[in-house]
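Asks: You'll find structure02.txt just under this line, and it carries compact mmCIF, C-alpha atoms.
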```
# COMPACT_ATOMS: atom_id res chain seq x y z
CA MET A 146 237.68 -14.75 -155.23
CA ILE A 147 239.15 -12.68 -152.38
CA LYS A 148 241.34 -14.71 -150.09
CA ILE A 149 243.03 -13.22 -147.04
CA ASN A 150 245.56 -15.43 -145.28
CA LYS A 151 244.54 -16.10 -141.67
CA ASN A 152 248.17 -15.68 -140.61
CA ILE A 153 248.63 -11.94 -140.24
CA LYS A 154 252.42 -12.26 -140.47
CA ILE A 155 252.26 -13.40 -144.09
CA ALA A 156 248.91 -11.95 -145.21
CA ASN A 157 248.37 -9.19 -147.74
CA THR A 158 245.65 -6.56 -147.30
CA LEU A 159 242.64 -6.26 -149.59
CA PRO A 160 243.71 -5.37 -153.15
CA GLY A 161 243.47 -1.65 -153.85
CA HIS A 162 241.21 -2.09 -156.88
CA LEU A 163 238.38 -3.47 -154.70
CA TYR A 164 237.84 -0.06 -153.11
CA ASN A 165 236.94 1.23 -156.57
CA SER A 166 235.01 -1.78 -157.85
CA GLU A 167 231.26 -1.78 -158.57
CA ASP A 168 231.39 -5.57 -158.68
CA PHE A 169 232.84 -5.72 -155.15
CA LEU A 170 230.21 -3.27 -153.88
CA ASN A 171 227.41 -5.35 -155.43
CA LYS A 172 228.76 -8.61 -154.02
CA CYS A 173 228.90 -7.02 -150.57
CA LYS A 174 225.18 -6.24 -150.86
CA LYS A 175 224.11 -9.83 -151.21
CA LYS A 176 226.78 -11.71 -149.35
CA ILE A 177 227.50 -9.33 -146.48
CA PHE A 178 224.89 -6.66 -145.84
CA GLU A 179 221.77 -8.73 -146.50
CA SER A 180 223.02 -11.52 -144.24
CA THR A 181 224.19 -9.43 -141.27
CA TRP A 182 222.32 -7.26 -138.76
CA GLN A 183 221.66 -3.58 -139.38
CA PHE A 184 220.85 -0.91 -136.81
CA VAL A 185 217.25 0.28 -137.18
CA ILE A 186 216.17 2.50 -134.30
CA ASP A 187 216.20 3.07 -130.57
CA LYS A 188 213.13 1.34 -129.10
CA LYS A 189 212.40 4.45 -127.06
CA LYS A 190 211.82 6.40 -130.29
CA ILE A 191 208.85 4.22 -131.28
CA LYS A 192 205.52 4.85 -129.61
CA GLU A 193 203.35 1.85 -128.83
CA LYS A 194 200.86 2.34 -131.69
CA GLU A 195 203.21 3.82 -134.30
CA ILE A 196 204.15 2.29 -137.63
CA ILE A 197 207.38 3.67 -139.09
CA PRO A 198 208.43 3.16 -142.73
CA ILE A 199 212.17 2.51 -143.22
CA GLN A 200 214.60 1.43 -145.92
CA TYR A 201 216.96 -1.43 -145.12
CA ILE A 202 220.00 0.65 -146.18
CA GLU A 203 218.81 3.74 -148.03
CA ASN A 204 220.51 4.38 -151.39
CA TYR A 205 222.26 1.00 -151.24
CA ILE A 206 219.69 -1.70 -150.42
CA ASP A 207 216.42 0.15 -150.89
CA GLU A 208 214.11 -2.49 -149.48
CA PRO A 209 210.89 -0.84 -148.17
CA LEU A 210 210.06 -2.07 -144.66
CA ILE A 211 207.87 -1.07 -141.75
CA ILE A 212 208.62 -1.41 -138.06
CA THR A 213 206.09 -1.36 -135.24
CA LYS A 214 206.09 -1.92 -131.47
CA LYS A 215 202.42 -2.91 -131.20
CA ASN A 216 202.26 -6.22 -129.29
CA GLY A 217 206.04 -6.59 -129.55
CA ILE A 218 208.68 -5.32 -131.95
CA LYS A 219 207.99 -6.42 -135.52
CA CYS A 220 209.49 -5.65 -138.90
CA MET A 221 207.64 -6.45 -142.13
CA SER A 222 207.63 -5.72 -145.82
CA ASN A 223 206.08 -2.36 -146.68
CA VAL A 224 204.86 -3.55 -150.10
CA CYS A 225 201.29 -4.62 -150.79
CA THR A 226 201.16 -8.23 -151.97
CA HIS A 227 198.51 -7.40 -154.60
CA ARG A 228 200.23 -5.06 -157.05
CA GLY A 229 203.31 -3.81 -155.20
CA ASN A 230 202.07 -0.50 -153.83
CA ILE A 231 203.97 1.07 -150.91
CA LEU A 232 201.64 0.73 -147.92
CA ILE A 233 203.00 3.26 -145.41
CA GLU A 234 204.72 6.43 -146.65
CA GLN A 235 205.18 8.29 -143.37
CA LYS A 236 205.13 7.63 -139.65
CA THR A 237 201.55 6.98 -138.58
CA ASN A 238 199.48 5.50 -135.77
CA PHE A 239 198.26 1.96 -136.27
CA LYS A 240 194.48 1.73 -136.35
CA LYS A 241 192.65 -1.55 -136.78
CA LYS A 242 194.13 -2.46 -140.14
CA ILE A 243 196.84 -1.54 -142.62
CA ILE A 244 194.84 -0.63 -145.72
CA CYS A 245 196.42 -0.32 -149.15
CA ASN A 246 195.31 2.94 -150.76
CA TYR A 247 195.49 1.44 -154.28
CA HIS A 248 192.89 -1.35 -154.25
CA GLY A 249 191.90 -1.66 -150.60
CA ARG A 250 193.72 -4.85 -149.56
CA GLN A 251 193.90 -5.06 -145.76
CA PHE A 252 196.46 -6.48 -143.34
CA ASP A 253 196.41 -6.92 -139.59
CA GLU A 254 199.16 -5.92 -137.14
CA ASN A 255 201.06 -9.16 -137.86
CA GLY A 256 201.02 -8.65 -141.63
CA LYS A 257 198.28 -11.22 -142.29
CA MET A 258 196.01 -10.31 -145.21
CA THR A 259 192.46 -10.20 -143.87
CA PHE A 260 190.39 -8.73 -146.71
CA MET A 261 190.50 -7.93 -150.41
CA PRO A 262 187.54 -6.41 -152.32
CA LYS A 263 186.09 -8.20 -155.35
CA CYS A 264 188.06 -11.41 -154.82
CA SER A 265 185.43 -13.79 -153.44
CA GLU A 266 185.58 -15.95 -156.57
CA LEU A 267 189.31 -16.58 -156.35
CA LYS A 268 190.45 -20.14 -155.66
CA ASN A 269 193.21 -21.00 -153.18
CA PHE A 270 192.99 -17.48 -151.80
CA PRO A 271 194.42 -16.13 -149.63
CA SER A 272 197.68 -18.07 -149.66
CA GLN A 273 200.87 -17.51 -147.72
CA ASN A 274 202.07 -15.27 -150.54
CA ASP A 275 199.27 -12.83 -149.82
CA HIS A 276 200.58 -11.98 -146.34
CA LEU A 277 203.35 -9.46 -145.68
CA THR A 278 206.79 -11.03 -145.31
CA LYS A 279 208.16 -10.77 -141.79
CA ILE A 280 211.76 -9.62 -141.48
CA PRO A 281 214.01 -10.94 -138.68
CA CYS A 282 214.11 -8.23 -136.02
CA LYS A 283 215.93 -8.44 -132.67
CA GLN A 284 216.90 -6.18 -129.80
CA TRP A 285 220.07 -5.59 -127.78
CA LYS A 286 219.55 -3.26 -124.82
CA GLN A 287 217.26 -0.52 -126.23
CA PHE A 288 218.60 -0.88 -129.78
CA ILE A 289 216.70 -2.66 -132.54
CA PHE A 290 218.34 -4.46 -135.46
CA ASN A 291 217.02 -6.28 -138.51
CA SER A 292 218.40 -8.53 -141.21
CA LEU A 293 217.04 -9.68 -144.56
CA ASN A 294 218.64 -13.11 -144.34
CA PRO A 295 220.76 -13.53 -141.19
CA LYS A 296 223.65 -15.95 -141.38
CA TYR A 297 224.18 -15.82 -137.59
CA SER A 298 221.96 -14.86 -134.67
CA LEU A 299 222.20 -11.35 -133.23
CA ASN A 300 223.57 -12.87 -130.04
CA GLU A 301 226.57 -14.25 -131.93
CA TYR A 302 227.56 -10.68 -132.79
CA PHE A 303 226.80 -9.06 -129.44
CA LYS A 304 227.64 -11.66 -126.80
CA ASP A 305 231.28 -10.58 -126.39
CA MET A 306 230.35 -6.92 -126.05
CA GLU A 307 227.64 -7.83 -123.54
CA THR A 308 230.15 -9.80 -121.49
CA ARG A 309 232.68 -6.96 -121.49
CA VAL A 310 230.60 -3.81 -120.99
CA GLY A 311 227.17 -5.12 -120.03
CA TRP A 312 227.78 -3.81 -116.50
CA MET A 313 227.14 -0.27 -117.76
CA PRO A 314 223.54 0.99 -117.36
CA ILE A 315 223.27 1.39 -121.14
CA GLU A 316 219.45 1.33 -121.10
CA LYS A 317 219.56 4.48 -118.95
CA PHE A 318 221.84 6.41 -121.30
CA LYS A 319 220.00 9.45 -122.69
CA TYR A 320 219.91 10.14 -126.42
CA SER A 321 221.43 13.51 -127.41
CA LYS A 322 219.97 14.92 -130.62
CA LYS A 323 222.39 17.85 -130.38
CA MET A 324 225.43 15.58 -130.43
CA SER A 325 224.08 13.20 -133.08
CA CYS A 326 224.77 13.89 -136.74
CA GLU A 327 225.46 12.51 -140.21
CA TYR A 328 228.40 12.79 -142.58
CA LEU A 329 229.07 11.92 -146.20
CA VAL A 330 232.60 10.67 -146.75
CA LYS A 331 234.06 10.47 -150.26
CA ALA A 332 235.48 7.00 -149.80
CA ASN A 333 234.55 3.34 -149.93
CA TRP A 334 232.71 1.97 -146.88
CA ALA A 335 235.39 -0.67 -146.30
CA LEU A 336 238.13 1.98 -146.17
CA TYR A 337 236.27 3.73 -143.38
CA CYS A 338 236.18 0.47 -141.42
CA ASP A 339 239.84 -0.26 -142.20
CA ASN A 340 240.82 3.02 -140.58
CA TYR A 341 238.57 2.59 -137.54
CA LEU A 342 239.88 -0.88 -136.80
CA GLU A 343 243.46 0.09 -136.01
CA GLY A 344 245.06 2.54 -133.62
CA PHE A 345 248.26 2.51 -135.66
CA HIS A 346 247.41 5.86 -137.27
CA ILE A 347 246.51 7.70 -134.05
CA PRO A 348 249.93 9.28 -133.36
CA PHE A 349 250.19 10.43 -136.97
CA VAL A 350 246.63 11.65 -137.61
CA HIS A 351 245.14 12.55 -134.22
CA GLU A 352 247.53 14.77 -132.26
CA ASP A 353 245.10 15.56 -129.43
CA LEU A 354 243.74 12.03 -129.12
CA SER A 355 247.28 10.72 -129.02
CA LYS A 356 247.92 12.83 -125.92
CA ALA A 357 244.83 11.40 -124.21
CA ILE A 358 245.71 7.75 -124.90
CA ASP A 359 248.79 5.81 -123.83
CA MET A 360 249.68 4.10 -127.11
CA THR A 361 252.20 1.82 -125.40
CA GLN A 362 249.25 0.03 -123.76
CA TYR A 363 246.82 0.14 -126.70
CA LYS A 364 245.17 -3.25 -127.07
CA THR A 365 243.10 -5.15 -129.65
CA GLU A 366 241.07 -8.30 -128.99
CA ILE A 367 239.53 -10.45 -131.73
CA PHE A 368 236.24 -12.32 -131.42
CA LYS A 369 234.27 -14.37 -133.95
CA LEU A 370 232.15 -11.59 -135.49
CA SER A 371 233.37 -8.53 -133.63
CA ASN A 372 236.52 -7.06 -132.17
CA LEU A 373 237.54 -4.64 -129.46
CA GLN A 374 240.15 -1.90 -129.17
CA ILE A 375 240.92 -0.54 -125.71
CA GLY A 376 242.47 2.86 -125.12
CA PHE A 377 244.24 3.40 -121.81
CA SER A 378 245.22 6.65 -120.11
CA ASP A 379 247.64 7.90 -117.47
CA ASN A 380 244.92 10.10 -115.98
CA PRO A 381 242.42 8.17 -113.78
CA LYS A 382 240.02 11.15 -113.79
CA GLU A 383 239.44 10.63 -117.52
CA CYS A 384 238.71 6.91 -117.19
CA PHE A 385 235.97 4.44 -116.26
CA LYS A 386 235.30 3.30 -112.72
CA LEU A 387 235.43 -0.41 -113.48
CA PRO A 388 233.69 -3.18 -111.52
CA LYS A 389 235.84 -5.84 -109.88
CA ASN A 390 234.72 -8.48 -112.37
CA SER A 391 236.09 -6.47 -115.31
CA PRO A 392 239.24 -7.92 -116.94
CA GLU A 393 240.61 -4.35 -116.88
CA TYR A 394 239.86 -3.75 -113.19
CA GLY A 395 242.68 -1.70 -111.66
CA LEU A 396 243.67 -0.23 -115.04
CA ASN A 397 242.90 3.21 -116.47
CA VAL A 398 240.56 2.55 -119.40
CA ALA A 399 239.74 5.69 -121.35
CA ALA A 400 237.65 4.06 -124.11
CA TYR A 401 236.25 0.78 -125.34
CA TYR A 402 235.93 0.70 -129.14
CA PHE A 403 233.70 -2.22 -130.15
CA TRP A 404 233.15 -3.06 -133.80
CA ILE A 405 230.35 -5.36 -135.00
CA PHE A 406 230.77 -6.87 -138.47
CA PRO A 407 230.38 -5.41 -140.98
CA ASN A 408 229.58 -1.76 -140.27
CA ILE A 409 228.59 -0.86 -136.69
CA MET A 410 230.84 0.79 -134.10
CA PHE A 411 229.99 1.12 -130.40
CA ASN A 412 232.35 3.63 -128.78
CA PHE A 413 232.05 3.63 -124.99
CA TYR A 414 233.50 6.56 -123.07
CA PRO A 415 233.16 7.56 -119.40
CA TRP A 416 230.58 10.12 -120.56
CA GLY A 417 228.49 7.61 -122.54
CA LEU A 418 228.20 6.02 -125.97
CA SER A 419 228.65 6.98 -129.61
CA ILE A 420 227.21 4.51 -132.13
CA ASN A 421 228.60 4.93 -135.64
CA ILE A 422 226.76 3.30 -138.53
CA VAL A 423 228.66 2.97 -141.81
CA LYS A 424 226.29 2.90 -144.80
CA PRO A 425 227.59 2.37 -148.34
CA GLN A 426 226.12 4.73 -150.93
CA LYS A 427 228.43 4.40 -153.93
CA VAL A 428 231.85 2.93 -154.62
CA ASP A 429 233.48 6.11 -153.36
CA LEU A 430 230.75 7.54 -151.13
CA THR A 431 229.75 6.46 -147.62
CA LYS A 432 227.19 7.81 -145.17
CA ILE A 433 228.17 7.85 -141.49
CA GLU A 434 225.45 8.14 -138.87
CA TYR A 435 226.42 9.20 -135.34
CA HIS A 436 223.94 8.32 -132.58
CA THR A 437 225.07 9.81 -129.27
CA TYR A 438 223.94 8.75 -125.78
CA ILE A 439 224.94 10.52 -122.56
CA TRP A 440 225.68 8.67 -119.33
CA ASP A 441 227.66 11.20 -117.27
CA GLU A 442 227.52 14.74 -118.67
CA SER A 443 230.29 15.90 -116.32
CA LYS A 444 232.75 13.70 -118.25
CA LEU A 445 232.09 15.35 -121.61
CA ASN A 446 234.95 17.21 -123.34
CA ILE A 447 237.72 15.35 -121.52
CA GLY A 448 239.93 12.40 -122.32
CA ALA A 449 239.69 10.07 -125.31
CA GLY A 450 236.07 11.03 -125.94
CA GLY A 451 236.69 14.75 -125.50
CA ASP A 452 236.28 15.93 -129.09
CA VAL A 453 234.95 13.12 -131.25
CA GLY A 454 233.94 15.64 -133.93
CA LYS A 455 237.56 16.71 -134.43
CA VAL A 456 238.71 13.08 -134.55
CA GLU A 457 236.00 12.29 -137.11
CA LYS A 458 237.10 15.19 -139.35
CA GLU A 459 240.73 14.07 -139.19
CA ASP A 460 239.72 10.50 -140.04
CA GLN A 461 237.64 11.63 -143.00
CA GLU A 462 240.49 13.68 -144.44
CA ILE A 463 242.96 10.79 -144.34
CA ILE A 464 240.41 8.24 -145.61
CA GLU A 465 239.52 10.38 -148.62
CA ARG A 466 243.23 10.69 -149.44
CA VAL A 467 243.62 6.93 -149.22
CA GLN A 468 240.63 6.46 -151.53
CA LYS A 469 242.45 8.49 -154.17
CA GLY A 470 245.62 6.52 -153.57
CA THR A 471 243.95 3.14 -154.10
CA LYS A 472 243.21 4.18 -157.70
CA SER A 473 246.91 4.30 -158.49
CA ARG A 474 248.18 1.75 -160.98
CA TYR A 475 251.22 1.38 -158.73
CA TYR A 476 249.31 0.35 -155.62
CA LYS A 477 248.41 -3.35 -155.41
CA HIS A 478 248.01 -4.17 -151.73
CA GLY A 479 249.83 -3.71 -148.42
CA ARG A 480 250.94 -5.75 -145.42
CA TYR A 481 249.64 -5.68 -141.84
CA SER A 482 251.45 -4.66 -138.70
CA PRO A 483 250.99 -7.81 -136.55
CA SER A 484 250.89 -5.78 -133.33
CA MET A 485 248.72 -2.86 -134.48
CA GLU A 486 246.45 -3.98 -137.33
CA GLN A 487 244.82 -7.15 -136.00
CA GLY A 488 241.39 -5.54 -136.24
CA THR A 489 241.78 -4.57 -139.90
CA HIS A 490 243.12 -8.03 -140.71
CA HIS A 491 240.15 -9.59 -138.92
CA PHE A 492 237.75 -7.42 -140.95
CA HIS A 493 239.37 -8.49 -144.20
CA THR A 494 239.26 -12.19 -143.28
CA LEU A 495 235.53 -11.86 -142.52
CA ILE A 496 234.95 -10.18 -145.89
CA SER A 497 236.82 -13.04 -147.52
CA ASP A 498 234.79 -15.65 -145.64
CA PHE A 499 231.39 -14.04 -146.33
CA LEU A 500 232.11 -13.56 -150.04
CA LYS A 501 233.00 -17.18 -150.63
```
Would you mind giving the structure from this file in structure tokens?

Replies:
Amino acid sequence: MIKINKNIKIANTLPGHLYNSEDFLNKCKKKIFESTWQFVIDKKKIKEKEIIPIQYIENYIDEPLIITKKNGIKCMSNVCTHRGNILIEQKTNFKKKIICNYHGRQFDENGKMTFMPKCSELKNFPSQNDHLTKIPCKQWKQFIFNSLNPKYSLNEYFKDMETRVGWMPIEKFKYSKKMSCEYLVKANWALYCDNYLEGFHIPFVHEDLSKAIDMTQYKTEIFKLSNLQIGFSDNPKECFKLPKNSPEYGLNVAAYYFWIFPNIMFNFYPWGLSINIVKPQKVDLTKIEYHTYIWDESKLNIGAGGDVGKVEKEDQEIIERVQKGTKSRYYKHGRYSPSMEQGTHHFHTLISDFLK
């Protein structure tokens, strides 16, 4: 069992061997990723009559699902309840029925089985097991999330972010395909989160970012299932124009870095939003998806959000080095800086709690 002391002043970090453990990765599947909320898609990217096939977390939890916006957002199993055939293989328009191309079983828009050829003699048919399983699916702003077996409601994860930055017109932010991308990082998914959740490394790893942020004011706040890092600046022109009801009103906020357990980052800059999704692939391989949304194009290329690509590259280089270091027989675990690593400590305590 992994046990992280709740008192950061006496706690040890996660043991190094976990970052190289198949057993740890498999336990995270069931206990963490299946029971939390995963980013699916921007609602604006689904047309009213479309059905889109998805995987829950491709190459990690390959659960075939479909998502549709017809008569409300819905997520369902993409597997025929007769013999297990995949129903939808590519994005398509919903007609009157979903028809399995193996034996002709039919389902309506809610996943209810409505017809099956040559089965009139069956008893106790259809039963509940013949309908497609519905997957919990919820929305925050224009973003859709699903979960195979949610331990907490979506609101429990997002309520603190909504309270803090809900004043922004997030629904009006425009998706930028040009600025969105994917990366493969040769490191454990948890190491990527460890690094994101502390600003301690910024002066040592990110020379340019360090100049844009006043590290003497850098702040971390801990919530139940999320946490927030705030970067401040000496230059008001590179900062948000905050409403009077903001706790930071009168201060120069250059960035809000919100993290949602276990693997979603919402990075708010004066120019807009970068959503980073951390997807485990293997013990030492992680896929990072960047979804970029523009609010004020005139604020691009300045301040804390000026060159997120450069910052990402620097982070990847240090994380991959740390991955190698955790394999050392001489590395057991570390200790936390109480003033700078509250976010990482919080992450580790949540891992400990979910894996119980």

Asks: Ranking A:Lys257, A:Lys432, A:Lys263, A:Lys214 by minimum distance to Ile197 (chain A) and counting all atoms listed in the file, which one comes first?

Replies: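 Of all the options, A:Lys214 lies closest to Ile197 (chain A).
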
Asks: Just to confirm, what's the straight-line distance from CA of His478 (chain A) to CA of Lys174 (chain A) in Å (one decimal)?

Replies: 22.9 Å

Asks: For Glu457 (chain A), which of A:Lys477, A:Ala335, A:Tyr328, A:Lys472 is the closest residue, counting all atoms listed in the file?

Replies: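 With all atoms listed in the file as the atom set, the closest residue is A:Tyr328.
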
Asks: Looking at A:Ser391, A:Gln251, A:Thr437, A:Ser419, which one is nearest to Ser325 (chain A), with distances taken over only C-alpha atoms?

Replies: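 The shortest atom-to-atom distance to Ser325 (chain A) comes from A:Thr437.
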
Asks: Neighbours of Val185 (chain A) within 10 Å (only C-alpha atoms; same-chain residues fewer than 6 positions away dropped), as a list in words?

Replies: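 Listed by chain and then number, they are Ile199, Gln200, Tyr201, Ile202, Ile212, Cys220, Cys282, Lys283, Gln284, Phe288, Ile289, Phe290, Asn291 and Ser292 of chain A.
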
Asks: In Å, rounded to a single decimal, give me how far CA of Leu163 (chain A) is from CA of Tyr435 (chain A).

Replies: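 Atom-to-atom, CA of Tyr435 (chain A) to CA of Leu163 (chain A), that is 26.0 Å.
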
Asks: Extract, using only C-alpha atoms, all DNA, RNA and protein residues at most 8 Å from Met410 (chain A), discarding same-chain residues fewer than 5 positions from it, and format them as a list in words.

Replies: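 That gives Tyr402, Phe403, Trp404, Ile405, Ser419, Ile420, Asn421 and Ile422 of chain A.
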
Asks: For those residues, write C-alpha atoms to a file as a PDB file, in the coordinates of the input.

Replies:
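What follows is the written file result_4.pdb:
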```pdb
ATOM      1  CA  TYR A 402     235.930   0.700-129.140  1.00  0.00           C
ATOM      2  CA  PHE A 403     233.700  -2.220-130.150  1.00  0.00           C
ATOM      3  CA  TRP A 404     233.150  -3.060-133.800  1.00  0.00           C
ATOM      4  CA  ILE A 405     230.350  -5.360-135.000  1.00  0.00           C
ATOM      5  CA  SER A 419     228.650   6.980-129.610  1.00  0.00           C
ATOM      6  CA  ILE A 420     227.210   4.510-132.130  1.00  0.00           C
ATOM      7  CA  ASN A 421     228.600   4.930-135.640  1.00  0.00           C
ATOM      8  CA  ILE A 422     226.760   3.300-138.530  1.00  0.00           C
TER       9      ILE A 422
END
```

Asks: Identify which of the residues A:Ser473, A:Thr494, A:Gln183, A:Thr361 lies closest to Leu299 (chain A), counting all atoms listed in the file when measuring atom-to-atom distances.

Replies: A:Gln183

Asks: List as a PyMOL selection string the residues having at least one atom at most 7 Å from position (232.6, -4.2, -146.9) as given in the file, counting only C-alpha atoms.

Replies: chain A and resi 173+334-335+407+496

Asks: Starting from 3 Å padding per side, set up an axis-aligned box that covers all listed atoms of region 465-468 of chain A and hand over centre and edge lengths in Å, one decimal, as AutoDock Vina command-line options.

Replies:
```
--center_x 241.6 --center_y 8.6 --center_z -150.1 --size_x 10.1 --size_y 10.2 --size_z 8.9
```

Asks: To one decimal in Å, tell me the separation between CA of Asn340 (chain A) and CA of Lys369 (chain A).

Replies: 19.7 Å

Asks: Fewer than 3 positions away in the same chain doesn't count, so skip those; otherwise give me all residues within 9 Å of Tyr297 (chain A), counting all atoms listed in the file, as a list in words.

Replies: Ser180, Thr181, Trp182, Asn300, Glu301 and Tyr302 of chain A

Asks: With only C-alpha atoms as the atoms that count, which of A:Lys322, A:Lys151, A:Arg466, A:Lys389 lies nearest to Lys190 (chain A)?

Replies: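 Among the listed residues, A:Lys322 lies closest to Lys190 (chain A).
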
Asks: Tell me which of A:Ile206, A:Ile447, A:Ala156, A:Ile315 sits closest to Phe178 (chain A), counting all atoms listed in the file.

Replies: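 Closest residue, counting all atoms listed in the file: A:Ile206.
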
Asks: For Leu170 (chain A), find every residue with an atom within 9 Å (counting all atoms listed in the file), except residues of its own chain fewer than 5 positions away, and show them as a PyMOL selection string.

Replies: chain A and resi 163-165+333+425+427-428

Asks: Which residues are near Ala400 (chain A)? Cut-off 10 Å, all atoms listed in the file, ignore same chain within fewer than 5 positions. Put them as number ranges by chain.

Replies: A: 358, 374-378, 383-385, 412-418, 448-450

Asks: Could you write those residues out with C-alpha atoms, as an mmCIF file, in the coordinates of the input?

Replies:
```cif
data_model
loop_
_atom_site.group_PDB
_atom_site.id
_atom_site.type_symbol
_atom_site.label_atom_id
_atom_site.label_comp_id
_atom_site.auth_asym_id
_atom_site.auth_seq_id
_atom_site.Cartn_x
_atom_site.Cartn_y
_atom_site.Cartn_z
ATOM 1 C CA ILE A 358 245.710 7.750 -124.900
ATOM 2 C CA GLN A 374 240.150 -1.900 -129.170
ATOM 3 C CA ILE A 375 240.920 -0.540 -125.710
ATOM 4 C CA GLY A 376 242.470 2.860 -125.120
ATOM 5 C CA PHE A 377 244.240 3.400 -121.810
ATOM 6 C CA SER A 378 245.220 6.650 -120.110
ATOM 7 C CA GLU A 383 239.440 10.630 -117.520
ATOM 8 C CA CYS A 384 238.710 6.910 -117.190
ATOM 9 C CA PHE A 385 235.970 4.440 -116.260
ATOM 10 C CA ASN A 412 232.350 3.630 -128.780
ATOM 11 C CA PHE A 413 232.050 3.630 -124.990
ATOM 12 C CA TYR A 414 233.500 6.560 -123.070
ATOM 13 C CA PRO A 415 233.160 7.560 -119.400
ATOM 14 C CA TRP A 416 230.580 10.120 -120.560
ATOM 15 C CA GLY A 417 228.490 7.610 -122.540
ATOM 16 C CA LEU A 418 228.200 6.020 -125.970
ATOM 17 C CA GLY A 448 239.930 12.400 -122.320
ATOM 18 C CA ALA A 449 239.690 10.070 -125.310
ATOM 19 C CA GLY A 450 236.070 11.030 -125.940
#
```

Asks: Got a sec to write region 197-240 of chain A of the block to a file, C-alpha atoms, as an mmCIF file, in the first residue's frame?

Replies:
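Result file follows (decode-v1.cif):
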```cif
data_model
loop_
_atom_site.group_PDB
_atom_site.id
_atom_site.type_symbol
_atom_site.label_atom_id
_atom_site.label_comp_id
_atom_site.auth_asym_id
_atom_site.auth_seq_id
_atom_site.Cartn_x
_atom_site.Cartn_y
_atom_site.Cartn_z
ATOM 1 C CA ILE A 197 -18.444 9.776 -32.902
ATOM 2 C CA PRO A 198 -16.564 6.623 -31.853
ATOM 3 C CA ILE A 199 -13.964 7.157 -29.103
ATOM 4 C CA GLN A 200 -11.733 5.166 -26.782
ATOM 5 C CA TYR A 201 -11.856 5.990 -23.080
ATOM 6 C CA ILE A 202 -8.052 6.402 -22.938
ATOM 7 C CA GLU A 203 -6.531 5.017 -26.114
ATOM 8 C CA ASN A 204 -3.640 2.561 -25.612
ATOM 9 C CA TYR A 205 -4.268 2.487 -21.854
ATOM 10 C CA ILE A 206 -7.974 1.860 -21.219
ATOM 11 C CA ASP A 207 -9.213 0.837 -24.648
ATOM 12 C CA GLU A 208 -12.918 0.850 -23.910
ATOM 13 C CA PRO A 209 -14.891 1.437 -27.157
ATOM 14 C CA LEU A 210 -17.519 4.163 -26.676
ATOM 15 C CA ILE A 211 -19.692 6.413 -28.789
ATOM 16 C CA ILE A 212 -20.716 9.983 -28.086
ATOM 17 C CA THR A 213 -23.638 11.832 -29.639
ATOM 18 C CA LYS A 214 -25.368 15.194 -29.197
ATOM 19 C CA LYS A 215 -28.747 14.102 -30.591
ATOM 20 C CA ASN A 216 -31.414 15.087 -28.034
ATOM 21 C CA GLY A 217 -28.717 15.916 -25.490
ATOM 22 C CA ILE A 218 -25.138 14.789 -24.927
ATOM 23 C CA LYS A 219 -24.913 11.025 -24.449
ATOM 24 C CA CYS A 220 -22.090 8.528 -24.156
ATOM 25 C CA MET A 221 -22.682 4.789 -24.604
ATOM 26 C CA SER A 222 -20.893 1.538 -25.185
ATOM 27 C CA ASN A 223 -19.863 1.014 -28.808
ATOM 28 C CA VAL A 224 -20.137 -2.795 -28.564
ATOM 29 C CA CYS A 225 -23.116 -4.761 -29.825
ATOM 30 C CA THR A 226 -24.760 -6.698 -27.004
ATOM 31 C CA HIS A 227 -25.279 -9.755 -29.234
ATOM 32 C CA ARG A 228 -21.783 -10.973 -30.089
ATOM 33 C CA GLY A 229 -19.498 -8.043 -29.265
ATOM 34 C CA ASN A 230 -19.115 -6.415 -32.668
ATOM 35 C CA ILE A 231 -17.939 -2.783 -32.804
ATOM 36 C CA LEU A 232 -20.986 -0.805 -33.929
ATOM 37 C CA ILE A 233 -19.533 2.498 -35.157
ATOM 38 C CA GLU A 234 -16.036 2.581 -36.679
ATOM 39 C CA GLN A 235 -15.908 6.173 -37.909
ATOM 40 C CA LYS A 236 -17.716 9.453 -37.421
ATOM 41 C CA THR A 237 -21.139 9.204 -39.033
ATOM 42 C CA ASN A 238 -24.554 10.851 -39.090
ATOM 43 C CA PHE A 239 -27.225 9.221 -36.965
ATOM 44 C CA LYS A 240 -30.131 7.946 -39.033
#
```
